[in-house]
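Enquirer: One structure, as structure tokens, below. Some questions next.
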Amino acid sequence: MIEFKHVSKTFYIGKSEVQAVKDVSLTIAQGDIFGIIGFSGAGKSTLLRLVNMLERPTAGKVIIQGTDISTLSPKKLREERQNIGMIFQNFNLFNSRTVAGNIAYPLKLAGMKKTQITERVQELLQFVGLTDKAKHYPDQLSGGQKQRVGIARALATSPDVLVCDEATSALDPETTGDILKLLKKVNQELGITILLITHEMHVIQSICNKVAIMEDGAVIESGPVFDTFTNPQHPTTRRFIGSVQQDLPSAHILQEWRRHNEGSLYRVTFTGDTTNDPVLSSITKKHNVDFNIVYGSVQELQNKLFGNLIVSFTGQETAISRTLEALNDIVTLEEVTDIEG
């Protein structure tokens with residue numbers, strides 16, 4: 001559906017050169033809810049603007065449904081943009097137009113007949129739950145209601161792709177949850193592919209099936225959300241994941257544990273069927289080793305269980321080594337060495 005092929009974007013400010021996007025290659029498949037996350041200045045907003053050619057790549061190709069959109073004529077590009085809905089962080093509604101008028105605006109630009117516009121607006125108002133707000137103005141709406149109008153407007157021309165630029169960052173947590181549910185409804189019921197950027201990992205965790213992490217203009221890690229959460233490879237990815245799931249106890253707790261105990265601590269990550277199996281007890285019992293769970297949790301992620309335990313082992317050194325070898329064949333195992341904070 002959407003392909004970034006070795007895409008770069010360089011801005012020139014006077015004699016200065018800023019590489020906002022560096023050699024990014026990504027594929028967003030039909031039906032994905034694909035999240036791009038990064039800290040401020042990572043390049044994610046610039047990458048998003050390349051999708052509808054609000055910015056043009058310095059190098060590489062942006063391909064939508066098999067077409068390199070940077071090669072399109074102005075007329076063809078305008079037509080293509082009707083197939084790409086856009087949702088903004090600050091809503092970007094016309095304060096002088098009613099809710100119905102805001103939703104109708106792109107339909108008028110597309111040359112739709114008045115009766116068709118009225119019918120389509122009513123349909124969208126019902127879909128986003130704002131039927132009773134048709135004659136209200138944006139200033140009369142809450143932040144969540146404004147974003148619902150923004151979503152309805154983005155859906156007006158029946159796009160195949162919905163692009164979301166920090167769509168929930170201006171909202172409170174409860175309203176954010178409601179908007180994310182609505183976006184998931186858009187994806188599941190209308191079959192629309194969603195590409196969103198955010199700096200909030202809980203947004204990725206809540207609705208995305210795939211994620212790419214950006215830093216300094218480059219994609220440093222990407223893949224299915226479950227795989228990324230359960231086995232992050234890059235330190236920046238680990239920082240983002242740590243913002244939504246505390247997978248280590250605090251530095252103080254670790255220091256206190258080490259003050260009173262000998263030996264090593266290990267992080268044991270369970271996924272899939274191993275979450276429900278007595279892996280630790282059966283393997284340690286077999287090798288005559290005792291274990292102590294210092295910290296841990298089991299949670300649901302992408303409709304799968306994911307367990308994360310911090311464990312210590314006691315017993316003969318050779319027996320502990322055999323236990324670790326056996327565990328490593330079944331679960332993800334790593335020694336906890338870093339203490340931060």
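The chains in the structure tokens are called A, B, ... from first to last as shown; in each chain the residues are counted from 1, and the ligands are counted from 1 in the order shown.
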Against range 267-275 of chain A, which residues of range 160-242 of chain A fall within 10 Å? For each one I want the closest pair of atoms and the distance in Å (one decimal), counting only C-alpha atoms, rows by chain and increasing residue number, as JSON lines.

Expert:
```
{"residue": "A:Phe226", "atom": "CA", "partner": "A:Thr271", "partner_atom": "CA", "distance": 9.3}
{"residue": "A:Asp227", "atom": "CA", "partner": "A:Thr271", "partner_atom": "CA", "distance": 9.6}
{"residue": "A:Thr230", "atom": "CA", "partner": "A:Thr269", "partner_atom": "CA", "distance": 7.3}
{"residue": "A:Asn231", "atom": "CA", "partner": "A:Thr269", "partner_atom": "CA", "distance": 8.5}
```

Enquirer: List the neighbours of Trp257 in chain A out to 12 Å using only C-alpha atoms; skip same-chain residues closer than 4 positions along the sequence, and give me the result as number ranges by chain.

Expert: A: 249-253, 261-265, 292-295, 310-312, 339

Enquirer: Nearest to Val186 in chain A among A:Arg148, A:His234, A:Arg56, A:Arg258, with distances taken over only C-alpha atoms: which residue is it?

Expert: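 Residue with the minimum atom-to-atom distance to Val186 in chain A: A:Arg148.
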
Enquirer: Using only C-alpha atoms for the distances, tell me which of A:Ile283, A:Val289, A:Val219, A:Ile320 is nearest to Gly38 in chain A.

Expert: A:Val219

Enquirer: So what do you get for CA of Val51 in chain A versus CA of His202 in chain A, distance-wise?

Expert: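 Interatomic distance, CA of Val51 in chain A to CA of His202 in chain A: 24.0 Å.
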
Enquirer: As a PyMOL selection string, please: the residues near range 166-183 of chain A (cut-off 6 Å, only C-alpha atoms, same-chain neighbours under 5 positions excluded).

Expert: chain A and resi 88-89+144+197-198

Enquirer: Could you write out the selected residues, including all heavy atoms, as a short mmCIF file (atom, residue, chain, number, x, y, z; two decimals), in the first residue's frame?

Expert:
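Output file out.cif is given in full below:
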```cif
data_model
loop_
_atom_site.label_atom_id
_atom_site.label_comp_id
_atom_site.auth_asym_id
_atom_site.auth_seq_id
_atom_site.Cartn_x
_atom_site.Cartn_y
_atom_site.Cartn_z
N PHE A 88 -5.05 15.95 12.19
CA PHE A 88 -4.02 16.80 12.76
C PHE A 88 -4.08 16.86 14.28
O PHE A 88 -5.14 16.66 14.89
CB PHE A 88 -4.15 18.23 12.21
CG PHE A 88 -4.07 18.31 10.71
CD1 PHE A 88 -5.23 18.25 9.94
CD2 PHE A 88 -2.85 18.43 10.06
CE1 PHE A 88 -5.16 18.33 8.56
CE2 PHE A 88 -2.77 18.51 8.68
CZ PHE A 88 -3.94 18.45 7.92
N GLN A 89 -2.95 17.17 14.89
CA GLN A 89 -2.85 17.29 16.34
C GLN A 89 -3.79 18.37 16.88
O GLN A 89 -4.47 18.18 17.88
CB GLN A 89 -1.40 17.61 16.73
CG GLN A 89 -1.19 17.87 18.21
CD GLN A 89 0.25 18.22 18.53
OE1 GLN A 89 1.11 18.18 17.65
NE2 GLN A 89 0.53 18.56 19.76
N GLY A 144 -12.07 16.29 22.41
CA GLY A 144 -12.38 14.99 21.82
C GLY A 144 -13.41 15.09 20.71
O GLY A 144 -13.30 14.41 19.68
N ILE A 197 1.80 8.88 13.57
CA ILE A 197 3.02 9.18 14.30
C ILE A 197 2.64 9.64 15.70
O ILE A 197 1.57 10.22 15.92
CB ILE A 197 3.88 10.25 13.60
CG1 ILE A 197 3.15 11.60 13.56
CG2 ILE A 197 4.28 9.81 12.22
CD1 ILE A 197 4.07 12.75 13.20
N THR A 198 3.52 9.36 16.64
CA THR A 198 3.26 9.70 18.03
C THR A 198 4.57 9.68 18.79
O THR A 198 5.57 9.12 18.33
CB THR A 198 2.26 8.70 18.66
OG1 THR A 198 1.99 9.08 20.01
CG2 THR A 198 2.82 7.28 18.65
#
```

Enquirer: Enter the distance from CA of Ser321 in chain A to CA of His260 in chain A, in Å, rounded to one decimal.

Expert: 22.3 Å

Enquirer: Find the residue from A:Thr67, A:Thr284, A:Thr27, A:Asn303 that sits nearest to Gly223 in chain A; use only C-alpha atoms when measuring.

Expert: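 Checking each of A:Thr67, A:Thr284, A:Thr27, A:Asn303 against Gly223 in chain A, counting only C-alpha atoms, the winner is A:Thr27.
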
Enquirer: Hey, which of A:Ala20, A:Leu196, A:Leu141, A:Ile87 ends up closest to Gly41 in chain A? Count only C-alpha atoms.

Expert: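 Looking at the shortest contact to Gly41 in chain A, the residue is A:Ala20.
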